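Visitor: A single structure is presented below for examination.
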Amino acid sequence: MAEAGILLKLRSVSKSYGATAILHSIDLDVHDGEFITILGPSGSGKTTILRLIGGFTQPSGGQILLDGNDIAAMPINRRPFNTVFQDYALFPHLTVEANVGYGLAVRGTPRAETAKRVADALELVQLSHLGKRFPAQLSGGQRQRVALARAIICRPRLILLDEPLAALDVELRRHMQTFLKSIQTEIRTTFLFVTHDQEEAIAMADRICVMSAGRIEQIGSPHEVYYRPGTEFVAKFFGENNLIPGTLGPVDGATRSIDTAVGRLVCAIDGQPQIAALPAGSPALAVFRPEAVGIGEAAEGENRIAARIDQVAFGGASTMVNTAAVYQPQQVLKARLPSRPDGTSLSQGETVRLVVPSSACRLVPA
Amino acid sequence: MRFADRAAPALLITLTLFVFVLLYGPLMVPIVSSFFTVSHGAVDWSQPTTSAYVALTQNDSVLSALWTTLIVGAGAVVLSVALGTGLALYYASPHAKGRNFLQFIIFLPFLMPPIITGLALLIFFRQVEFERSLLTIIIGHTVFVLALVYRTILTRLQSLSGSLVEASYDLGASSWQTFRLILLPNLSSAMVGAAILAFALSFDETMITLLVTGTQSTLPVRLWAMMRLGFTPDINALVALVLLFTTVLCLVAVRYLMPASAISGSDDN
């Protein structure tokens, strides 16, 4: 049974090599036309998911359903997916044109049509002028775009991208992120993008699937995983979150309190029924981003924490204030304040009041 | 330390030169001698001549031995490259079974003393009543050079990114298309290089040939027979020619076996 809007379904997919389990019972839906990013540190199993979908390895258990049909037995060359490999895998003995046209040539597409579609694909990736070159004569970014053109030319239903930007330098990577996203919007094809870089994931994805140790930690929009982490791992993986351990208090509408060593904090739980369902007294962590923290009397918010300033670090657009809670000195708390041209009045050793609005504070199970 | 810094390179250079003289000096003797005649047991140094080379071109037994050598070389090259490519592809395929044992079997005849390999083949041909002929020489040479051909092609195969084959399948190609359009073009220079090396090895192989030949003689076997009758300038001339030929082949082979980046100067980052 095909479900509208869902291209691919992974159901209880697992993979192990001998006694080593790489993936534990993965459930994942890939929606038609979306840009989904699988994000995780190395060894989290993210590339294995891509290779299972592509058909390069076989699952040890579970099902991969395309339009409702299990494709476990479908050979690589029959799957309507194409891959952009991490090392690009351009054929060194073929020109850019021949590389891009390879998928059509092996299917016996008429020459005139192949030429036309190769020209279109090269134009799409802005490489029309380099068609006669060989891969060794191209820069990293150009090879990347050839690999993309080669993958889209067969009009696959899904394009798999295996950390394709990892080998590029920072500036080029930023540029390619925008470029990839614009291509994806233009050709309206589903992209499944694997990366270990959170910034990259946030910049491009419609949805992010965060993985750790062979399990899915959270699936959600970039905004969700960034501001509403579902697990401690996700909260730590996305940068410099403040985490304060404590025990859960009662639910009060869309908020729930948590008792911590720095006092009782009130956190938003809207959209997180799994947090509301936890029994009172369960261990949990309060999570809030440094940029949500205000300092001083003027700041507004329900949660107030007395802290002593350890360090004030000017970082251009923002200034990072590292503090230690007065009632729990080993609890580090960070606040990121917008920088001001006349500098900050805060100084090291000063005791201040950190203010966190409940709407910016979230809970994750410990 | 200063002294050691300067003395060590000088010592190494001297040692290297000495080894070179030791290795290659004796080779110069027949080459030089081939240009002079011998009369009454003494070399006549007064007049360099190419008469020995002219005599070779009129020596039918040498010419027919040369012809045999070329046929055997060509046969062994074709067989060993075909076999070596197939075995290398098998070894590198992810589902290969018993690959280490297979590799050991391939290397064995190359590593064993040629006389053992030759004797084993001889006994085998005897047992299965396979008449000794040109064909048995070709088989003997194939068994001998296969290890080198196989290893050369496998090395190239393993230097190719594994994702090339995956990319080919990913783009819809069949196994045969992947072999013909992706693997073969990337292996071809290694195959040519291996073929040249195999030919060079086959060209001067003596021991196995002596044991498995029927009535034919290859050039080295002919040379061996001629030497039993005493050293003459045409032997020197023949040695010089074989030497020249083998050297040229090896130089050409090296050119094919260099990694692609070293030849085209591509910047593979």
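Each chain in the structure tokens gets a letter, A, B and so on, in the order shown; residues start at 1 in every chain, and ligands are counted from 1 in the order they appear.
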With a cut-off of 8 Å and counting only C-alpha atoms, select all residues of chain B in contact with chain A and give the selection as a PDB file with N, CA and C atoms, in the first residue's frame.
Guide:
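Result file part12.pdb:
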```
ATOM      1  N   SER B 161      39.389   3.544  -6.994  1.00  0.00           N
ATOM      2  CA  SER B 161      38.413   3.739  -5.928  1.00  0.00           C
ATOM      3  C   SER B 161      37.289   2.729  -6.078  1.00  0.00           C
ATOM      4  N   SER B 163      34.417   2.951  -5.180  1.00  0.00           N
ATOM      5  CA  SER B 163      33.137   3.573  -5.499  1.00  0.00           C
ATOM      6  C   SER B 163      32.947   3.746  -7.004  1.00  0.00           C
ATOM      7  N   LEU B 164      34.003   3.566  -7.817  1.00  0.00           N
ATOM      8  CA  LEU B 164      33.835   3.650  -9.276  1.00  0.00           C
ATOM      9  C   LEU B 164      32.868   2.570  -9.757  1.00  0.00           C
ATOM     10  N   GLU B 166      30.735   0.906  -7.864  1.00  0.00           N
ATOM     11  CA  GLU B 166      29.417   1.186  -7.272  1.00  0.00           C
ATOM     12  C   GLU B 166      28.699   2.276  -8.056  1.00  0.00           C
ATOM     13  N   ALA B 167      29.449   3.306  -8.451  1.00  0.00           N
ATOM     14  CA  ALA B 167      28.842   4.411  -9.203  1.00  0.00           C
ATOM     15  C   ALA B 167      28.294   3.905 -10.527  1.00  0.00           C
ATOM     16  N   SER B 168      29.027   3.002 -11.159  1.00  0.00           N
ATOM     17  CA  SER B 168      28.588   2.471 -12.442  1.00  0.00           C
ATOM     18  C   SER B 168      27.272   1.708 -12.289  1.00  0.00           C
ATOM     19  N   TYR B 169      27.205   0.830 -11.286  1.00  0.00           N
ATOM     20  CA  TYR B 169      25.951   0.112 -11.021  1.00  0.00           C
ATOM     21  C   TYR B 169      24.845   1.095 -10.670  1.00  0.00           C
ATOM     22  N   ASP B 170      25.205   2.064  -9.840  1.00  0.00           N
ATOM     23  CA  ASP B 170      24.228   3.049  -9.368  1.00  0.00           C
ATOM     24  C   ASP B 170      23.579   3.774 -10.538  1.00  0.00           C
ATOM     25  N   LEU B 171      24.375   3.985 -11.604  1.00  0.00           N
ATOM     26  CA  LEU B 171      23.852   4.705 -12.766  1.00  0.00           C
ATOM     27  C   LEU B 171      23.138   3.774 -13.740  1.00  0.00           C
ATOM     28  N   GLY B 172      22.976   2.507 -13.342  1.00  0.00           N
ATOM     29  CA  GLY B 172      22.152   1.618 -14.132  1.00  0.00           C
ATOM     30  C   GLY B 172      22.913   0.617 -14.993  1.00  0.00           C
ATOM     31  N   ALA B 173      24.246   0.610 -14.905  1.00  0.00           N
ATOM     32  CA  ALA B 173      25.022  -0.283 -15.758  1.00  0.00           C
ATOM     33  C   ALA B 173      24.940  -1.724 -15.264  1.00  0.00           C
ATOM     34  N   SER B 174      25.045  -2.673 -16.193  1.00  0.00           N
ATOM     35  CA  SER B 174      25.111  -4.090 -15.834  1.00  0.00           C
ATOM     36  C   SER B 174      26.548  -4.441 -15.465  1.00  0.00           C
ATOM     37  N   GLN B 177      28.661  -4.210 -18.603  1.00  0.00           N
ATOM     38  CA  GLN B 177      28.923  -2.815 -18.971  1.00  0.00           C
ATOM     39  C   GLN B 177      29.946  -2.188 -18.030  1.00  0.00           C
ATOM     40  N   ILE B 182      34.116   0.661 -17.588  1.00  0.00           N
ATOM     41  CA  ILE B 182      34.797   1.301 -16.456  1.00  0.00           C
ATOM     42  C   ILE B 182      36.078   0.572 -16.082  1.00  0.00           C
ATOM     43  N   PRO B 185      38.965  -0.021 -19.292  1.00  0.00           N
ATOM     44  CA  PRO B 185      39.764   1.153 -19.658  1.00  0.00           C
ATOM     45  C   PRO B 185      40.750   1.575 -18.562  1.00  0.00           C
ATOM     46  N   ASN B 186      40.350   1.373 -17.302  1.00  0.00           N
ATOM     47  CA  ASN B 186      41.242   1.775 -16.217  1.00  0.00           C
ATOM     48  C   ASN B 186      42.324   0.742 -15.930  1.00  0.00           C
ATOM     49  N   SER B 266      48.520  14.922 -13.175  1.00  0.00           N
ATOM     50  CA  SER B 266      47.269  15.467 -12.651  1.00  0.00           C
ATOM     51  C   SER B 266      47.416  15.735 -11.158  1.00  0.00           C
ATOM     52  N   ASP B 267      46.645  16.705 -10.672  1.00  0.00           N
ATOM     53  CA  ASP B 267      46.711  17.014  -9.244  1.00  0.00           C
ATOM     54  C   ASP B 267      45.574  16.310  -8.546  1.00  0.00           C
ATOM     55  N   ASP B 268      45.838  15.111  -8.091  1.00  0.00           N
ATOM     56  CA  ASP B 268      44.790  14.373  -7.407  1.00  0.00           C
ATOM     57  C   ASP B 268      44.848  14.709  -5.925  1.00  0.00           C
TER      58      ASP B 268
END
```
Visitor: Smallest atom-to-atom distance to Leu181 of chain B: which of A:Glu297, A:Ser339, A:Leu172, A:Ala98, using only C-alpha atoms?
Guide: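 Of A:Glu297, A:Ser339, A:Leu172, A:Ala98, the one nearest Leu181 of chain B, counting only C-alpha atoms, is A:Ala98.
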Visitor: With only C-alpha atoms as the counted atoms, please give the residues lying no more than 12 Å from Gly296 of chain A, apart from itself and same-chain residues fewer than 3 positions off, as a count of residues only.
Guide: 19
Visitor: For Phe191 of chain A, list every protein, DNA or RNA residue within 6 Å, evaluated using only C-alpha atoms, and leave out those in the same chain fewer than 3 positions away; present the list as a list in words.
Guide: Phe35, Leu158 and Ile159 of chain A
Visitor: Just checking: using only C-alpha atoms, which residue out of A:Val13, A:Leu265, A:Leu161, A:Val96 ends up closest to Asp70 of chain A?
Guide: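 Ranked by minimum distance to Asp70 of chain A, first place goes to A:Val13.
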Visitor: Within 10 Å of Leu248 of chain A, counting only C-alpha atoms, which residues qualify if same-chain residues fewer than 3 places away don't, as JSON, numbers by chain?
Guide: {"A": [245, 251, 256, 257, 258, 259, 260, 264, 265, 275, 276, 278, 279, 280, 281, 282, 283, 284, 285, 286, 363, 365]}
Visitor: Please list as a PyMOL selection string every residue within 7 Å of segment 134-139 of chain B, counting only C-alpha atoms and excluding residues in the same chain fewer than 5 positions away.
Guide: chain B and resi 72+75-76+209+212-213+216
Visitor: Keeping all heavy atoms, export the residues of the selection given above as a PDB file, in the first residue's frame.
Guide:
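So part06.pdb came out as:
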```pdb
ATOM      1  N   VAL B  72      55.857 -18.564 -28.562  1.00  0.00           N
ATOM      2  CA  VAL B  72      55.659 -18.957 -27.159  1.00  0.00           C
ATOM      3  C   VAL B  72      55.332 -17.725 -26.327  1.00  0.00           C
ATOM      4  O   VAL B  72      54.386 -17.714 -25.523  1.00  0.00           O
ATOM      5  CB  VAL B  72      56.922 -19.660 -26.608  1.00  0.00           C
ATOM      6  CG1 VAL B  72      56.851 -19.790 -25.097  1.00  0.00           C
ATOM      7  CG2 VAL B  72      57.079 -21.021 -27.259  1.00  0.00           C
ATOM      8  N   GLY B  75      51.812 -16.476 -27.065  1.00  0.00           N
ATOM      9  CA  GLY B  75      50.819 -17.381 -26.483  1.00  0.00           C
ATOM     10  C   GLY B  75      50.731 -17.222 -24.976  1.00  0.00           C
ATOM     11  O   GLY B  75      49.639 -17.103 -24.405  1.00  0.00           O
ATOM     12  N   ALA B  76      51.898 -17.186 -24.323  1.00  0.00           N
ATOM     13  CA  ALA B  76      51.922 -17.081 -22.858  1.00  0.00           C
ATOM     14  C   ALA B  76      51.336 -15.748 -22.413  1.00  0.00           C
ATOM     15  O   ALA B  76      50.633 -15.668 -21.408  1.00  0.00           O
ATOM     16  CB  ALA B  76      53.362 -17.236 -22.350  1.00  0.00           C
ATOM     17  N   THR B 209      61.607 -24.356 -19.989  1.00  0.00           N
ATOM     18  CA  THR B 209      61.517 -24.675 -21.415  1.00  0.00           C
ATOM     19  C   THR B 209      62.295 -25.955 -21.727  1.00  0.00           C
ATOM     20  O   THR B 209      61.791 -26.854 -22.412  1.00  0.00           O
ATOM     21  CB  THR B 209      62.079 -23.518 -22.249  1.00  0.00           C
ATOM     22  OG1 THR B 209      61.589 -22.304 -21.723  1.00  0.00           O
ATOM     23  CG2 THR B 209      61.689 -23.642 -23.703  1.00  0.00           C
ATOM     24  N   VAL B 212      60.192 -28.975 -20.639  1.00  0.00           N
ATOM     25  CA  VAL B 212      58.874 -29.307 -21.207  1.00  0.00           C
ATOM     26  C   VAL B 212      58.841 -29.237 -22.731  1.00  0.00           C
ATOM     27  O   VAL B 212      57.815 -29.497 -23.338  1.00  0.00           O
ATOM     28  CB  VAL B 212      57.748 -28.395 -20.631  1.00  0.00           C
ATOM     29  CG1 VAL B 212      57.646 -28.580 -19.131  1.00  0.00           C
ATOM     30  CG2 VAL B 212      57.987 -26.948 -21.015  1.00  0.00           C
ATOM     31  N   THR B 213      59.966 -28.866 -23.355  1.00  0.00           N
ATOM     32  CA  THR B 213      59.949 -28.743 -24.809  1.00  0.00           C
ATOM     33  C   THR B 213      59.955 -30.121 -25.473  1.00  0.00           C
ATOM     34  O   THR B 213      60.420 -31.115 -24.891  1.00  0.00           O
ATOM     35  CB  THR B 213      61.136 -27.909 -25.297  1.00  0.00           C
ATOM     36  OG1 THR B 213      61.029 -27.773 -26.709  1.00  0.00           O
ATOM     37  CG2 THR B 213      62.451 -28.613 -24.977  1.00  0.00           C
ATOM     38  N   GLN B 216      61.234 -28.441 -30.348  1.00  0.00           N
ATOM     39  CA  GLN B 216      61.527 -27.035 -30.608  1.00  0.00           C
ATOM     40  C   GLN B 216      62.561 -26.493 -29.628  1.00  0.00           C
ATOM     41  O   GLN B 216      62.641 -26.945 -28.498  1.00  0.00           O
ATOM     42  CB  GLN B 216      60.264 -26.159 -30.468  1.00  0.00           C
ATOM     43  CG  GLN B 216      59.166 -26.476 -31.431  1.00  0.00           C
ATOM     44  CD  GLN B 216      58.337 -27.669 -30.975  1.00  0.00           C
ATOM     45  OE1 GLN B 216      58.562 -28.227 -29.903  1.00  0.00           O
ATOM     46  NE2 GLN B 216      57.402 -28.065 -31.811  1.00  0.00           N
TER      47      GLN B 216
END
```
Visitor: So what do you get for atom CA of Arg156 of chain B versus atom CA of Gly131 of chain A, distance-wise?
Guide: 27.1 Å
Visitor: Name the residues in contact with Lys334 of chain A at a cut-off of 12 Å, using only C-alpha atoms, excluding same-chain residues fewer than 3 positions from it; report them as a count of residues only.
Guide: 35
Visitor: What is the distance, in Å and to one decimal place, between atom CA of Val326 of chain A and atom CA of Val266 of chain A?
Guide: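 For atom CA of Val326 of chain A relative to atom CA of Val266 of chain A, the distance reads 18.9 Å.
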Visitor: Taking the DSSP assignment computed from this structure's backbone, write out as a ChimeraX atom specification all residues of segment 152-253 of chain A that belong to alpha helix (DSSP H).
Guide: /A:152,170-187,198-204,222-227,232-237
Visitor: Can you work out which one of A:Ser358, A:Arg155, A:Ala21, A:Tyr226 has the shortest atom-to-atom distance to Gly45 of chain A, counting only C-alpha atoms?
Guide: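 Checking each of A:Ser358, A:Arg155, A:Ala21, A:Tyr226 against Gly45 of chain A, counting only C-alpha atoms, the winner is A:Ala21.
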